[in-house]
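Shown below: entry14.cif, with mmCIF, C-alpha atoms.
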data_final
loop_
_atom_site.label_atom_id
_atom_site.label_comp_id
_atom_site.auth_asym_id
_atom_site.auth_seq_id
_atom_site.Cartn_x
_atom_site.Cartn_y
_atom_site.Cartn_z
CA MET H 1 -20.91 10.82 -58.55
CA GLN H 2 -21.12 10.61 -54.74
CA SER H 3 -24.52 11.41 -53.21
CA ASN H 4 -25.00 13.89 -50.38
CA ASP H 5 -25.99 10.99 -48.12
CA SER H 6 -22.65 9.28 -48.84
CA LYS H 7 -20.78 12.52 -48.16
CA ASN H 8 -22.60 13.00 -44.84
CA THR H 9 -21.94 9.39 -43.86
CA GLY H 10 -18.27 9.77 -44.74
CA THR H 11 -18.00 12.97 -42.75
CA THR H 12 -19.67 11.41 -39.73
CA SER H 13 -17.38 8.40 -40.01
CA GLU H 14 -14.30 10.60 -40.24
CA ARG H 15 -15.38 12.60 -37.22
CA ALA H 16 -15.89 9.43 -35.19
CA LEU H 17 -12.43 8.22 -36.21
CA THR H 18 -10.89 11.55 -35.26
CA ARG H 19 -12.64 11.38 -31.88
CA ARG H 20 -11.23 7.90 -31.30
CA GLN H 21 -7.75 9.13 -32.22
CA ILE H 22 -8.03 12.02 -29.81
CA ASP H 23 -9.28 9.76 -27.01
CA LEU H 24 -6.52 7.21 -27.60
CA LEU H 25 -3.79 9.84 -27.68
CA SER H 26 -5.17 11.46 -24.55
CA ILE H 27 -4.67 8.16 -22.71
CA ALA H 28 -1.25 7.48 -24.24
CA GLU H 29 0.05 10.99 -23.59
CA GLY H 30 -1.11 11.07 -19.98
CA PHE H 31 2.42 10.34 -18.78
CA PHE H 32 3.54 13.84 -19.80
CA GLU H 33 1.39 15.53 -17.17
CA SER H 34 2.04 12.92 -14.50
CA SER H 35 5.81 13.15 -15.14
CA ILE H 36 5.69 16.91 -14.60
CA LEU H 37 3.68 16.47 -11.41
CA PHE H 38 6.04 13.76 -10.11
CA ALA H 39 9.13 15.88 -10.84
CA LEU H 40 7.73 18.97 -9.11
CA ASN H 41 6.73 16.84 -6.12
CA LYS H 42 10.06 15.01 -5.92
CA LEU H 43 11.96 18.30 -5.89
CA ASP H 44 9.55 19.47 -3.15
CA ILE H 45 8.81 22.58 -5.19
CA PHE H 46 5.21 22.84 -4.02
CA ASN H 47 6.29 23.03 -0.37
CA ILE H 48 9.24 25.29 -1.16
CA VAL H 49 6.84 27.76 -2.78
CA GLY H 50 4.19 27.16 -0.11
CA GLU H 51 1.49 29.77 0.40
CA ASP H 52 3.60 32.62 -0.95
CA ASP H 53 5.16 33.48 -4.29
CA LYS H 54 8.76 32.44 -4.93
CA THR H 55 11.09 33.57 -7.69
CA LEU H 56 12.95 31.27 -10.03
CA SER H 57 16.25 32.16 -8.36
CA GLN H 58 14.85 31.40 -4.89
CA ILE H 59 13.51 28.02 -5.99
CA ALA H 60 16.76 27.20 -7.79
CA ARG H 61 18.73 28.01 -4.66
CA GLU H 62 16.56 25.82 -2.42
CA THR H 63 16.55 22.87 -4.85
CA SER H 64 20.22 23.23 -5.93
CA ALA H 65 18.92 23.13 -9.51
CA ALA H 66 20.33 24.90 -12.57
CA PRO H 67 18.06 27.94 -13.14
CA GLU H 68 17.80 27.47 -16.92
CA SER H 69 16.65 23.84 -16.80
CA LEU H 70 14.54 24.45 -13.70
CA SER H 71 12.70 27.25 -15.48
CA ARG H 72 11.65 24.79 -18.17
CA LEU H 73 10.14 22.47 -15.58
CA LEU H 74 8.41 25.35 -13.77
CA ASN H 75 6.96 26.62 -17.04
CA ALA H 76 5.63 23.12 -17.69
CA GLY H 77 4.07 23.25 -14.22
CA VAL H 78 2.28 26.44 -15.26
CA ALA H 79 1.16 24.89 -18.56
CA THR H 80 -0.36 21.95 -16.68
CA LYS H 81 -1.94 24.36 -14.15
CA PHE H 82 -0.18 23.01 -11.05
CA LEU H 83 1.66 26.33 -10.79
CA VAL H 84 0.68 29.90 -11.66
CA SER H 85 2.93 32.56 -13.16
CA THR H 86 2.47 35.59 -15.41
CA ASP H 87 6.12 36.40 -16.05
CA ALA H 88 8.06 33.08 -15.81
CA ILE H 89 10.02 34.66 -12.95
CA THR H 90 7.67 34.46 -9.97
CA PHE H 91 5.65 31.30 -9.27
CA CYS H 92 2.92 30.23 -6.86
CA VAL H 93 1.03 26.98 -6.30
CA ALA H 94 -2.39 26.95 -7.96
CA GLU H 95 -5.04 27.58 -5.32
CA LYS H 96 -7.00 24.51 -6.41
CA TRP H 97 -4.12 22.18 -5.58
CA LYS H 98 -2.82 23.65 -2.33
CA PRO H 99 -4.86 21.41 0.02
CA VAL H 100 -3.43 18.24 -1.55
CA LEU H 101 0.10 19.39 -2.47
CA LEU H 102 1.16 21.34 0.64
CA ARG H 103 2.16 19.53 3.85
CA SER H 104 0.81 22.41 5.89
CA TYR H 105 -2.75 21.29 5.09
CA GLY H 106 -2.34 18.11 7.17
CA ASP H 107 -4.34 15.00 6.37
CA SER H 108 -5.46 16.17 2.93
CA TYR H 109 -1.81 16.21 1.76
CA LEU H 110 -1.03 13.62 -0.94
CA GLY H 111 2.64 14.30 -1.67
CA SER H 112 3.94 11.07 -0.14
CA TRP H 113 1.36 9.06 -2.11
CA LEU H 114 2.52 10.82 -5.29
CA SER H 115 6.08 9.68 -4.51
CA LEU H 116 4.86 6.08 -4.33
CA LEU H 117 2.92 6.46 -7.59
CA HIS H 118 6.12 7.81 -9.18
CA TYR H 119 7.90 4.62 -8.18
CA LEU H 120 5.03 2.46 -9.41
CA SER H 121 4.96 4.24 -12.76
CA ALA H 122 8.61 3.34 -13.28
CA SER H 123 7.92 -0.31 -12.44
CA MET H 124 5.13 -0.43 -15.05
CA ILE H 125 7.30 0.73 -17.96
CA ASP H 126 8.27 -2.88 -18.69
CA LEU H 127 4.81 -4.32 -18.04
CA ASP H 128 5.02 -6.20 -21.34
CA GLN H 129 8.16 -7.99 -20.16
CA ALA H 130 6.52 -8.90 -16.85
CA ALA H 131 3.65 -10.45 -18.82
CA VAL H 132 6.10 -12.48 -20.91
CA ASP H 133 8.47 -13.55 -18.11
CA GLY H 134 6.09 -13.68 -15.16
CA LYS H 135 8.78 -11.90 -13.16
CA PRO H 136 8.88 -8.47 -11.47
CA THR H 137 10.39 -5.58 -13.40
CA VAL H 138 12.09 -4.02 -10.35
CA ASN H 139 13.81 -5.27 -7.22
CA LEU H 140 11.56 -4.04 -4.44
CA LEU H 141 14.38 -4.16 -1.89
CA ASP H 142 16.55 -1.88 -4.04
CA SER H 143 13.83 0.72 -4.54
CA LYS H 144 14.80 4.20 -3.42
CA VAL H 145 11.21 4.81 -2.34
CA HIS H 146 11.15 1.67 -0.24
CA ASP H 147 14.55 2.53 1.24
CA ASP H 148 12.93 5.72 2.49
CA ILE H 149 10.75 4.09 5.12
CA PHE H 150 9.34 7.41 6.24
CA GLU H 151 8.14 8.41 2.79
CA PHE H 152 6.68 4.99 2.02
CA THR H 153 4.87 4.73 5.36
CA MET H 154 3.48 8.25 5.04
CA ALA H 155 2.27 7.35 1.54
CA MET H 156 0.19 4.63 3.17
CA HIS H 157 -1.16 7.23 5.61
CA ASN H 158 -2.07 9.55 2.70
CA TYR H 159 -3.98 6.66 1.16
CA ALA H 160 -5.63 5.36 4.32
CA VAL H 161 -6.76 8.41 6.22
CA TYR H 162 -10.13 8.93 4.52
CA ARG H 163 -10.69 5.24 3.88
CA GLY H 164 -10.08 4.66 7.58
CA ARG H 165 -12.91 7.00 8.44
CA ASP H 166 -15.08 5.11 5.97
CA LEU H 167 -14.14 1.83 7.67
CA VAL H 168 -15.34 3.27 11.00
CA ARG H 169 -18.79 3.87 9.52
CA PHE H 170 -19.17 0.30 8.23
CA LEU H 171 -17.37 -1.81 10.85
CA ASP H 172 -19.21 -2.40 14.13
CA LEU H 173 -16.75 -3.04 16.97
CA GLY H 174 -19.31 -2.92 19.78
CA GLY H 175 -18.20 -5.16 22.64
CA CYS H 176 -14.63 -5.49 21.32
CA ARG H 177 -11.86 -4.56 23.76
CA THR H 178 -8.66 -5.36 21.85
CA LEU H 179 -7.65 -4.90 18.20
CA LEU H 180 -4.46 -6.06 16.48
CA ASP H 181 -3.60 -4.14 13.29
CA LEU H 182 -1.26 -6.56 11.51
CA GLY H 183 1.27 -4.97 9.15
CA CYS H 184 -0.12 -1.66 10.30
CA GLY H 185 2.24 0.66 8.39
CA PRO H 186 1.29 4.11 9.70
CA GLY H 187 -1.44 2.53 11.83
CA THR H 188 -4.09 4.79 10.29
CA TYR H 189 -6.90 2.23 10.09
CA GLY H 190 -6.41 1.05 13.64
CA LEU H 191 -6.11 4.60 14.93
CA GLU H 192 -9.32 5.68 13.23
CA LEU H 193 -11.11 2.68 14.76
CA ALA H 194 -9.66 3.38 18.21
CA SER H 195 -10.68 7.04 17.97
CA ALA H 196 -14.27 5.99 17.28
CA ASN H 197 -14.28 3.24 19.95
CA PRO H 198 -12.81 4.79 23.13
CA ASP H 199 -12.66 1.53 25.12
CA LEU H 200 -10.63 -0.26 22.44
CA SER H 201 -7.00 -1.17 23.21
CA LEU H 202 -4.95 -0.93 20.02
CA PHE H 203 -1.97 -3.14 19.17
CA LEU H 204 0.07 -2.02 16.15
CA LEU H 205 2.34 -4.65 14.58
CA ASP H 206 5.00 -4.04 11.95
CA LEU H 207 8.76 -4.02 11.45
CA PRO H 208 10.74 -1.94 13.98
CA GLU H 209 11.82 0.67 11.42
CA VAL H 210 8.22 1.14 10.26
CA LEU H 211 6.94 1.58 13.80
CA GLU H 212 9.35 4.49 14.28
CA VAL H 213 7.27 6.36 11.70
CA THR H 214 4.02 4.96 13.09
CA ARG H 215 4.74 6.65 16.41
CA GLU H 216 4.79 10.02 14.64
CA VAL H 217 1.38 9.33 13.08
CA VAL H 218 -0.02 8.22 16.46
CA GLU H 219 0.78 11.69 17.83
CA LYS H 220 -1.79 13.14 15.42
CA TYR H 221 -4.59 11.22 17.15
CA SER H 222 -6.31 11.59 20.49
CA ILE H 223 -7.38 8.19 21.82
CA ASN H 224 -8.23 6.99 25.32
CA GLU H 225 -6.17 3.84 25.67
CA PRO H 226 -2.34 3.69 25.33
CA VAL H 227 -1.15 2.30 21.99
CA ASN H 228 0.82 -0.96 22.16
CA TYR H 229 3.63 -1.49 19.64
CA LEU H 230 4.69 -4.97 18.47
CA ALA H 231 7.98 -4.76 16.55
CA ILE H 232 7.76 -8.12 14.79
CA ASP H 233 8.66 -9.64 11.45
CA VAL H 234 5.73 -12.04 11.01
CA THR H 235 7.69 -14.06 8.44
CA GLN H 236 10.23 -14.95 11.14
CA GLN H 237 8.48 -14.56 14.51
CA GLU H 238 5.34 -15.72 16.25
CA ILE H 239 2.58 -13.22 16.97
CA PRO H 240 1.94 -13.00 20.73
CA ASP H 241 -1.41 -13.21 22.52
CA SER H 242 -4.94 -13.18 21.15
CA TYR H 243 -7.35 -10.34 20.40
CA ASP H 244 -11.03 -9.65 19.93
CA VAL H 245 -10.34 -8.32 16.43
CA VAL H 246 -7.42 -8.90 14.07
CA LEU H 247 -7.26 -6.52 11.10
CA VAL H 248 -5.30 -7.53 7.99
CA SER H 249 -5.49 -4.58 5.64
CA ASN H 250 -4.22 -4.44 2.03
CA THR H 251 -1.63 -7.13 2.71
CA LEU H 252 -2.60 -10.42 1.06
CA HIS H 253 -2.15 -9.06 -2.48
CA MET H 254 1.61 -8.96 -1.83
CA LEU H 255 1.66 -12.68 -1.04
CA SER H 256 1.13 -15.87 -2.98
CA GLU H 257 -2.05 -17.87 -2.43
CA GLU H 258 -0.05 -20.39 -0.39
CA ASN H 259 1.38 -17.74 1.90
CA SER H 260 -1.96 -15.95 2.21
CA ARG H 261 -3.56 -19.21 3.34
CA LYS H 262 -0.74 -19.85 5.81
CA LEU H 263 -1.07 -16.38 7.31
CA LEU H 264 -4.83 -16.70 7.79
CA GLN H 265 -4.34 -20.10 9.39
CA ARG H 266 -1.65 -18.75 11.75
CA LEU H 267 -3.84 -15.85 12.77
CA TYR H 268 -6.67 -18.16 13.85
CA ARG H 269 -4.96 -18.75 17.20
CA ASN H 270 -4.50 -14.99 17.63
CA VAL H 271 -8.27 -14.41 17.49
CA ASN H 272 -10.16 -14.80 20.77
CA PRO H 273 -13.03 -17.33 20.73
CA GLY H 274 -16.04 -15.34 19.55
CA GLY H 275 -13.69 -12.74 18.07
CA SER H 276 -13.22 -11.90 14.42
CA LEU H 277 -10.69 -11.58 11.63
CA ILE H 278 -11.14 -8.74 9.16
CA VAL H 279 -9.47 -8.81 5.76
CA GLN H 280 -9.68 -5.40 4.10
CA PHE H 281 -8.74 -5.29 0.42
CA GLN H 282 -9.54 -4.01 -3.07
CA SER H 283 -11.20 -7.09 -4.45
CA LEU H 284 -11.23 -8.30 -8.02
CA ASN H 285 -14.47 -9.56 -9.51
CA ASP H 286 -14.71 -13.34 -9.22
CA ASN H 287 -13.92 -13.64 -12.95
CA ARG H 288 -10.78 -11.49 -12.32
CA MET H 289 -11.84 -9.00 -15.02
CA GLY H 290 -12.47 -5.90 -12.87
CA GLY H 291 -12.93 -3.40 -11.42
CA ARG H 292 -10.54 -0.80 -12.68
CA TRP H 293 -8.34 -0.18 -9.62
CA PRO H 294 -8.23 -3.84 -8.47
CA ILE H 295 -7.00 -4.74 -11.98
CA MET H 296 -4.33 -2.02 -11.76
CA LEU H 297 -3.28 -3.30 -8.34
CA ASP H 298 -2.99 -6.81 -9.74
CA LEU H 299 -0.62 -5.58 -12.47
CA VAL H 300 1.42 -3.61 -9.94
CA GLN H 301 1.97 -6.78 -7.93
CA MET H 302 3.12 -8.56 -11.08
CA CYS H 303 5.74 -5.82 -11.58
CA ILE H 304 7.03 -5.42 -8.02
CA THR H 305 6.65 -8.81 -6.28
CA GLU H 306 7.75 -12.36 -6.99
CA ASN H 307 4.45 -14.03 -6.18
CA GLY H 308 1.95 -11.29 -5.32
CA ARG H 309 -1.39 -10.99 -7.09
CA ASN H 310 -4.70 -9.42 -6.29
CA HIS H 311 -7.61 -11.64 -5.24
CA SER H 312 -11.37 -11.81 -5.30
CA VAL H 313 -13.98 -11.93 -2.55
CA GLY H 314 -14.81 -15.54 -3.48
CA GLU H 315 -11.29 -16.92 -3.22
CA THR H 316 -10.49 -14.94 -0.06
CA ARG H 317 -13.68 -16.22 1.56
CA GLU H 318 -12.57 -19.76 0.67
CA TRP H 319 -9.15 -19.20 2.29
CA MET H 320 -10.85 -17.94 5.46
CA GLU H 321 -13.30 -20.85 5.55
CA ASP H 322 -10.47 -23.35 5.13
CA ALA H 323 -8.65 -21.68 8.04
CA GLY H 324 -11.68 -22.26 10.28
CA TYR H 325 -13.48 -18.90 10.32
CA LYS H 326 -17.30 -18.99 10.33
CA ASP H 327 -20.20 -16.68 9.45
CA ILE H 328 -18.06 -14.81 6.93
CA GLU H 329 -19.67 -11.73 5.43
CA TYR H 330 -18.46 -9.21 2.86
CA CYS H 331 -19.04 -5.47 3.23
CA GLY H 332 -18.39 -2.95 0.48
CA MET H 333 -18.08 0.69 1.40
CA THR H 334 -18.75 4.01 -0.34
CA LEU H 335 -18.19 4.59 -4.06
CA MET H 336 -15.18 6.78 -3.24
CA ASN H 337 -13.50 3.89 -1.42
CA THR H 338 -11.88 1.10 -3.43
CA ASN H 339 -11.68 -1.05 -0.29
CA GLY H 340 -14.18 -3.54 1.09
CA PHE H 341 -13.73 -6.13 3.81
CA LEU H 342 -14.53 -9.70 4.75
CA ARG H 343 -15.24 -10.45 8.38
CA GLY H 344 -15.15 -13.97 9.76
CA TYR H 345 -15.48 -15.27 13.32
CA ARG H 346 -13.67 -17.83 15.42
CA PRO H 347 -16.39 -19.96 17.06
CA ASP H 348 -16.77 -19.78 20.87
#

Before we go any further, please render this structure as structure tokens.
Amino acid sequence: MQSNDSKNTGTTSERALTRRQIDLLSIAEGFFESSILFALNKLDIFNIVGEDDKTLSQIARETSAAPESLSRLLNAGVATKFLVSTDAITFCVAEKWKPVLLRSYGDSYLGSWLSLLHYLSASMIDLDQAAVDGKPTVNLLDSKVHDDIFEFTMAMHNYAVYRGRDLVRFLDLGGCRTLLDLGCGPGTYGLELASANPDLSLFLLDLPEVLEVTREVVEKYSINEPVNYLAIDVTQQEIPDSYDVVLVSNTLHMLSEENSRKLLQRLYRNVNPGGSLIVQFQSLNDNRMGGRWPIMLDLVQMCITENGRNHSVGETREWMEDAGYKDIEYCGMTLMNTNGFLRGYRPD
């Protein structure tokens, strides 16, 4: 006969197992909610609805979607609390999500970043195969998201805008007159730094098609000095002139170690004597076992690039030292910011 103590132990054990099952399934089933969010965002339904209510027929007309199948997606949006409806006919965007899902809210909008995450989620489906083959699961050049330069560049702006303001608080540019933002994308980091340092002349370098979008982002900022645009493919062309500060932000993880080293060595001549190179990135621990987002970023690179991988503070510092930079220091930022940066100087 089983004692009461045994029964209690068994019950406790069963409850713990059930809790583990629930926790595991919650993680595994997370793609349901994200898939609904991605679909609503891709169809631009949040912005179609906007601040007002819209009926199913109105949304169907503006998305060219079949009303019956669209209604199923909209109802799922209600179930996941992105949308609100009491009759399955009229829908509005949940008040909680408006600041981040509606373009009209400006810099808090995250829709372009959601589009990029949608692409990344597709690339991660065959993560197991990437681990076996050591090859990417998608062709980055064929990606629909990457073909849409505007959407991809604005995704980088969504990501960078608040982190750029954080960078301003931690990066002292006193006495610096020129800054080159290499591979600038939307130019957000450089623009935030130029806004906070009125005497700074900003040089934004990226591919010509990217800089077309960058110019639109620049219009959102009020800065003293004219912005200089360098339409250059750094894999094919030399970088002109030298600067007090060269910023390389969230770039090296897309390159191999060899190419990262080569880039840092090339940039040495683009830094004025006494000037500095800043490498901003989401660094892995030196044992490559964390933190959470740097590990995710490392896996993303395995799935979308031939040779990209994330890197640690220690190995990046070594690359900078080997390229000739001195007095290299690492600076982490706030807990809400996954970025930190290494700053090294070219001796006078």

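Take atom CA of Asn272 of chain H and atom CA of Tyr243 of chain H: the distance between them is 5.3 Å.
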
(request) To verify the selection step, state as a count of residues only which residues the PyMOL selection byres ((chain H and resi 212) around 12) yields on this input. (result) 26

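Nearest residue to Pro67 of chain H among H:Ala88, H:Met156, H:Leu24, H:Cys176 is H:Ala88, counting only C-alpha atoms.
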
(message) With all atoms listed in the file as the counted atoms, please give the residues lying no more than 7 Å from Lys54 of chain H, apart from itself and same-chain residues fewer than 5 positions off, as a ChimeraX atom specification.
(response) /H:49,59,90-92

(request) Apply the PyMOL selection byres ((chain H and resi 162-170) around 12) to the displayed file and report the matching residues as a VMD selection string. (result) chain H and resid 107 to 110 156 to 161 171 to 174 186 to 197 247 249 to 250 278 to 282 330 to 343

(request) Kindly give the distance, in Å, that separates atom CA of Phe203 of chain H and atom CA of Gly274 of chain H, rounded to a single decimal. (result) 18.6 Å

(request) Excluding Leu114 of chain H and residues on its chain fewer than 4 positions from it, collect all residues at most 8 Å away from it, counting only C-alpha atoms, and give them as a PyMOL selection string. (result) chain H and resi 38+41+110+118+155

(message) Running the PyMOL selection byres ((chain H and resi 324) around 8) on this model by hand, what would come out? Give it as a PyMOL selection string.
(response) chain H and resi 265+268+320-323+325-326+346

(request) Rank H:Pro136, H:Ala66, H:Asp44, H:Asp244 by their smallest atom-to-atom distance to Met124 of chain H, using all atoms listed in the file, and report the top residue only. (result) H:Pro136

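Reported to one decimal place, the separation of atom CA of Leu200 of chain H from atom CA of Gly175 of chain H is 9.0 Å.
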
(message) Quick one: residues within 8 Å of Thr305 of chain H, only C-alpha atoms, excluding same-chain residues fewer than 3 positions away - as a PyMOL selection string?
(response) chain H and resi 135-136+140+254+301-302+308

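The protein and nucleic acid residues lying at most 12 Å from Pro99 of chain H are Phe46, Asn47, Gly50, Glu51, Val93, Ala94, Glu95, Arg103, Ser104, Tyr105, Gly106, Asp107, Ser108, Tyr109, Leu110 and Gly111 of chain H, with all atoms listed in the file considered and sequence neighbours fewer than 4 positions away removed.
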
(message) So, with only C-alpha atoms as the atoms that count, which of H:Phe82, H:Asn259, H:Leu299, H:Ser64 lies closest to Val234 of chain H?
(response) H:Asn259

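Using only C-alpha atoms, the nearest neighbour of Leu43 of chain H within the list H:Arg20, H:Ser115, H:Glu14, H:Thr316 is H:Ser115.
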
(message) Which residues are near Pro198 of chain H? Cut-off 10 Å, only C-alpha atoms, ignore same chain within fewer than 4 positions. Put them as a ChimeraX atom specification.
(response) /H:177,193-194,222-225

Emit the selected residues as a compact mmCIF listing (two decimals), keeping the file's coordinate frame, including C-alpha atoms.
# COMPACT_ATOMS: atom_id res chain seq x y z
CA ARG H 177 -11.86 -4.56 23.76
CA LEU H 193 -11.11 2.68 14.76
CA ALA H 194 -9.66 3.38 18.21
CA SER H 222 -6.31 11.59 20.49
CA ILE H 223 -7.38 8.19 21.82
CA ASN H 224 -8.23 6.99 25.32
CA GLU H 225 -6.17 3.84 25.67

Atoms are missing here; could segment 165-188 of chain H be completed with N, CA and C atoms and written as a PDB file, in the frame of the given file?
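For reference, out_10.pdb as written:
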ATOM      1  N   ARG H 165     -11.676   6.419   7.898  1.00  0.00           N
ATOM      2  CA  ARG H 165     -12.910   7.000   8.440  1.00  0.00           C
ATOM      3  C   ARG H 165     -14.137   6.312   7.840  1.00  0.00           C
ATOM      4  N   ASP H 166     -14.013   5.876   6.604  1.00  0.00           N
ATOM      5  CA  ASP H 166     -15.080   5.110   5.970  1.00  0.00           C
ATOM      6  C   ASP H 166     -15.237   3.759   6.666  1.00  0.00           C
ATOM      7  N   LEU H 167     -14.117   3.125   6.985  1.00  0.00           N
ATOM      8  CA  LEU H 167     -14.140   1.830   7.670  1.00  0.00           C
ATOM      9  C   LEU H 167     -14.879   1.948   9.011  1.00  0.00           C
ATOM     10  N   VAL H 168     -14.669   3.055   9.715  1.00  0.00           N
ATOM     11  CA  VAL H 168     -15.340   3.270  11.000  1.00  0.00           C
ATOM     12  C   VAL H 168     -16.858   3.233  10.840  1.00  0.00           C
ATOM     13  N   ARG H 169     -17.343   3.795   9.734  1.00  0.00           N
ATOM     14  CA  ARG H 169     -18.790   3.870   9.520  1.00  0.00           C
ATOM     15  C   ARG H 169     -19.404   2.499   9.230  1.00  0.00           C
ATOM     16  N   PHE H 170     -18.625   1.590   8.671  1.00  0.00           N
ATOM     17  CA  PHE H 170     -19.170   0.300   8.230  1.00  0.00           C
ATOM     18  C   PHE H 170     -18.823  -0.870   9.143  1.00  0.00           C
ATOM     19  N   LEU H 171     -17.839  -0.701  10.016  1.00  0.00           N
ATOM     20  CA  LEU H 171     -17.370  -1.810  10.850  1.00  0.00           C
ATOM     21  C   LEU H 171     -17.816  -1.602  12.294  1.00  0.00           C
ATOM     22  N   ASP H 172     -18.689  -2.468  12.773  1.00  0.00           N
ATOM     23  CA  ASP H 172     -19.210  -2.400  14.130  1.00  0.00           C
ATOM     24  C   ASP H 172     -18.271  -3.148  15.075  1.00  0.00           C
ATOM     25  N   LEU H 173     -17.654  -2.416  16.000  1.00  0.00           N
ATOM     26  CA  LEU H 173     -16.750  -3.040  16.970  1.00  0.00           C
ATOM     27  C   LEU H 173     -17.341  -3.009  18.381  1.00  0.00           C
ATOM     28  N   GLY H 174     -18.651  -2.906  18.473  1.00  0.00           N
ATOM     29  CA  GLY H 174     -19.310  -2.920  19.780  1.00  0.00           C
ATOM     30  C   GLY H 174     -18.976  -4.178  20.548  1.00  0.00           C
ATOM     31  N   GLY H 175     -18.559  -4.028  21.802  1.00  0.00           N
ATOM     32  CA  GLY H 175     -18.200  -5.160  22.640  1.00  0.00           C
ATOM     33  C   GLY H 175     -16.768  -5.630  22.494  1.00  0.00           C
ATOM     34  N   CYS H 176     -16.032  -5.099  21.532  1.00  0.00           N
ATOM     35  CA  CYS H 176     -14.630  -5.490  21.320  1.00  0.00           C
ATOM     36  C   CYS H 176     -13.719  -4.634  22.210  1.00  0.00           C
ATOM     37  N   ARG H 177     -12.753  -5.281  22.852  1.00  0.00           N
ATOM     38  CA  ARG H 177     -11.860  -4.560  23.760  1.00  0.00           C
ATOM     39  C   ARG H 177     -10.433  -4.460  23.234  1.00  0.00           C
ATOM     40  N   THR H 178     -10.039  -5.382  22.353  1.00  0.00           N
ATOM     41  CA  THR H 178      -8.660  -5.360  21.850  1.00  0.00           C
ATOM     42  C   THR H 178      -8.656  -5.540  20.336  1.00  0.00           C
ATOM     43  N   LEU H 179      -7.786  -4.802  19.657  1.00  0.00           N
ATOM     44  CA  LEU H 179      -7.650  -4.900  18.200  1.00  0.00           C
ATOM     45  C   LEU H 179      -6.183  -4.946  17.825  1.00  0.00           C
ATOM     46  N   LEU H 180      -5.805  -5.948  17.039  1.00  0.00           N
ATOM     47  CA  LEU H 180      -4.460  -6.060  16.480  1.00  0.00           C
ATOM     48  C   LEU H 180      -4.517  -5.630  15.020  1.00  0.00           C
ATOM     49  N   ASP H 181      -3.744  -4.595  14.669  1.00  0.00           N
ATOM     50  CA  ASP H 181      -3.600  -4.140  13.290  1.00  0.00           C
ATOM     51  C   ASP H 181      -2.301  -4.726  12.759  1.00  0.00           C
ATOM     52  N   LEU H 182      -2.429  -5.796  11.985  1.00  0.00           N
ATOM     53  CA  LEU H 182      -1.260  -6.560  11.510  1.00  0.00           C
ATOM     54  C   LEU H 182      -0.667  -5.908  10.266  1.00  0.00           C
ATOM     55  N   GLY H 183       0.650  -5.668  10.263  1.00  0.00           N
ATOM     56  CA  GLY H 183       1.270  -4.970   9.150  1.00  0.00           C
ATOM     57  C   GLY H 183       0.698  -3.577   9.029  1.00  0.00           C
ATOM     58  N   CYS H 184       0.663  -2.887  10.162  1.00  0.00           N
ATOM     59  CA  CYS H 184      -0.120  -1.660  10.300  1.00  0.00           C
ATOM     60  C   CYS H 184       0.394  -0.501   9.458  1.00  0.00           C
ATOM     61  N   GLY H 185       1.699  -0.511   9.078  1.00  0.00           N
ATOM     62  CA  GLY H 185       2.240   0.660   8.390  1.00  0.00           C
ATOM     63  C   GLY H 185       2.119   1.872   9.294  1.00  0.00           C
ATOM     64  N   PRO H 186       1.454   2.929   8.844  1.00  0.00           N
ATOM     65  CA  PRO H 186       1.290   4.110   9.700  1.00  0.00           C
ATOM     66  C   PRO H 186       0.302   3.900  10.840  1.00  0.00           C
ATOM     67  N   GLY H 187      -0.472   2.806  10.790  1.00  0.00           N
ATOM     68  CA  GLY H 187      -1.440   2.530  11.830  1.00  0.00           C
ATOM     69  C   GLY H 187      -2.753   3.276  11.661  1.00  0.00           C
ATOM     70  N   THR H 188      -2.958   3.881  10.502  1.00  0.00           N
ATOM     71  CA  THR H 188      -4.090   4.790  10.290  1.00  0.00           C
ATOM     72  C   THR H 188      -5.436   4.109  10.510  1.00  0.00           C
TER      73      THR H 188
END
